[in-house]
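S.K.: Before we start, here is the structure in question, set down as structure tokens.
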Amino acid sequence: MLNLRTVKTVAIASALSLAAAAGALAFPDKPIDYIIPFGPGGESDISARFQQPFFKDKFDQDLVVSYKPGGGGAVGWAQLNSMATDGHTIMGINLPHIVIKPAQKDVGFTTGDINAFYMFHYTPDAVVVTADSPYQTLADLVEDAKANPASVTMSGSGKATANHLAQIRFDKMAGIQTTYVPFKGTGASTTANLGKQVKAQWGYTTVGAAQGDAVRLLAVAMEERHPLFPDVPTFKELGYDMVGGAYRGMAVPKDTPAETVKALSDAFGEINADEAFRKQMLDGGFALLDIDAAGMADFMKARSDEYLQAAKEAGLIE
């Protein structure tokens with residue numbers, strides 16, 4: 001027969017178990033702080049802002065976006081593991097940044113320090129020219145570069161960025177030598193291209209979406225053509241095995257419990273599956289990606305190997 005103490009113990013244990021279950025089901029039970037390690041207005045910020053209303057609608061909690069710029073993202077990422085591990089603080093992450101930066105020098109974090117739980121999109125690399133450029137096709141640019149080595153100048157968003165690595169890879173594939181001109185961000189790179197300071201730009205599909213008829217895309221680094229640019233071929237169609245760009249996702253501190261990481265991964269996966277969200281992203285020139293927490297290790301290894309090889313060949317890292 002159970003005595004009174006045993007009954008009380010069982011009752012308390014059951015109550016705690018039910019409370020824990022209820023807490024798990026209620027996650028998130030307060031607003032989530034979403035830190036962007038860059039300034040406002042960039043593609044990391046824009047895509048996070050796209051997620052906000054969908055998060056609120058689905059989970060009845062606010063996604064509060066703030067900024068911690070510096071060091072091309074390094075300032076924020078170096079502080080990530082000192083933040084709260086309850087799942088209510090997340091941070092935007094970018095590839096190739098979180099791979100290349102720590103490979104170049106000590107930036108306060110390593111790639112392995114970043115506990116990524118979802119990659120939700122990328123901005124595909126694209127060769128962009130002005131609407132009145134003499135380059136009508138990618139073949140025109142390649143022909144000029146072969147006839148005049150190093151004379152084809154191409155702007156891009158900084159050194160060791162997705163644009164820079166794309167230029168390195170493409171030059172090798174095409175057997176050409178172009179001159180990469182780094183600028184501080186996609187905006188400045190686009191301005192240089194529009195102002196005829198360079199002959200072409202290593203940009204993204206988002207540049208085409210933003211600039212409209214002022215530019216022409218010669219090729220996009222996707223498996224299939226972007227629905228916003230049905231007439232623009234992929235590099236693969238043209239014989240170059242190039243798929244990629246700047247990948248974006250989210251991470252939490254390393255010590256965040258596995259069940260919390262999964263809950264976050266599932267939540268943002270639900271947003272990414274929403275057709276209205278997907279349309280908004282595609283209309284902005286983004287490309288959707290669906291890498292959850294379970295698939296992250298394989299994805300990161302493949303991307304890291306690719307980036308590090310290109311960076312070594314270019315002398316960007318030892």
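Identifiers for the structure tokens are assigned positionally: chains receive A, B, ... in sequence, residues are indexed from 1 per chain, and ligands are indexed from 1 in the order shown.
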At a cut-off of 12 Å, using only C-alpha atoms, what residues contact A:Asp86? Leave out same-chain residues fewer than 4 positions from it and give the result as number ranges by chain.

M.R.: A: 23-24, 27-33, 90, 252-261, 263-264

S.K.: Restricting the output to C-alpha atoms, write the selected residues as a PDB file, in the first residue's frame.

M.R.:
```pdb
ATOM      1  CA  GLY A  23       7.051  23.963 -21.666  1.00  0.00           C
ATOM      2  CA  ALA A  24       8.444  21.969 -24.549  1.00  0.00           C
ATOM      3  CA  PHE A  27       8.440  26.837 -27.192  1.00  0.00           C
ATOM      4  CA  PRO A  28       8.975  29.597 -28.066  1.00  0.00           C
ATOM      5  CA  ASP A  29       7.157  31.086 -25.082  1.00  0.00           C
ATOM      6  CA  LYS A  30       8.571  34.591 -25.423  1.00  0.00           C
ATOM      7  CA  PRO A  31      10.035  36.776 -28.191  1.00  0.00           C
ATOM      8  CA  ILE A  32      13.175  35.540 -29.928  1.00  0.00           C
ATOM      9  CA  ASP A  33      16.098  37.911 -30.339  1.00  0.00           C
ATOM     10  CA  ILE A  90      19.697  33.294 -32.421  1.00  0.00           C
ATOM     11  CA  VAL A 252      22.562  29.315 -31.633  1.00  0.00           C
ATOM     12  CA  PRO A 253      25.216  29.100 -28.902  1.00  0.00           C
ATOM     13  CA  LYS A 254      27.060  25.784 -28.769  1.00  0.00           C
ATOM     14  CA  ASP A 255      25.599  24.668 -25.433  1.00  0.00           C
ATOM     15  CA  THR A 256      21.971  25.039 -26.517  1.00  0.00           C
ATOM     16  CA  PRO A 257      20.147  21.759 -25.713  1.00  0.00           C
ATOM     17  CA  ALA A 258      19.624  19.433 -28.669  1.00  0.00           C
ATOM     18  CA  GLU A 259      15.840  19.423 -28.263  1.00  0.00           C
ATOM     19  CA  THR A 260      15.802  23.225 -28.398  1.00  0.00           C
ATOM     20  CA  VAL A 261      17.974  23.219 -31.531  1.00  0.00           C
ATOM     21  CA  ALA A 263      12.541  22.900 -32.146  1.00  0.00           C
ATOM     22  CA  LEU A 264      14.102  25.969 -33.754  1.00  0.00           C
TER      23      LEU A 264
END
```

S.K.: Contacts of stretch 119-124 of chain A at 6 Å or less, counting only C-alpha atoms, minus same-chain residues fewer than 2 places along, as a PyMOL selection string?

M.R.: chain A and resi 204-205+221+244-249+286-291

S.K.: Run DSSP on the backbone of this structure and report the residues of stretch 36-180 of chain A it assigns to helix (DSSP H, G or I), as number ranges by chain.

M.R.: A: 43-59, 71-82, 97-104, 111-113, 138-147, 162-174

S.K.: Tell me which protein, DNA and RNA residues are within 12 Å of A:Val128, counting only C-alpha atoms, leaving out same-chain ones fewer than 2 positions away, and put them as a VMD selection string.

M.R.: chain A and resid 124 to 126 130 to 133 135 to 138 141 154 to 156 163 186 189 to 194 198 to 209 211 to 221 232

S.K.: Could you name the residues that touch A:Glu270 at 10 Å or less, counting only C-alpha atoms, but leaving out those on the same chain fewer than 6 positions away, as a list in words?

M.R.: Phe54, Phe55, Lys58 and Leu264 of chain A

S.K.: Residues as selected, C-alpha atoms, written as a JSON list (two decimals), in the first residue's frame, can you do that?

M.R.:
```
[["chain", "number", "residue", "atom", "x", "y", "z"],
["A", 54, "PHE", "CA", 5.50, 34.50, -40.74],
["A", 55, "PHE", "CA", 7.10, 33.69, -37.38],
["A", 58, "LYS", "CA", 2.73, 30.71, -36.89],
["A", 264, "LEU", "CA", 14.10, 25.97, -33.75]]
```

S.K.: Might you pull out every residue within 8 Å of stretch 292-302 of chain A, with only C-alpha atoms counted and same-chain residues fewer than 5 positions away left off, and present them as a ChimeraX atom specification?

M.R.: /A:116-119,261-262,265-266,269

S.K.: Given the choices A:Ile168, A:Val127, A:Ala251, A:Leu95, which gets closest to A:Ile35 if the distance is worked out from only C-alpha atoms?

M.R.: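 Once distances to A:Ile35 are computed over only C-alpha atoms, the minimum belongs to A:Ala251.
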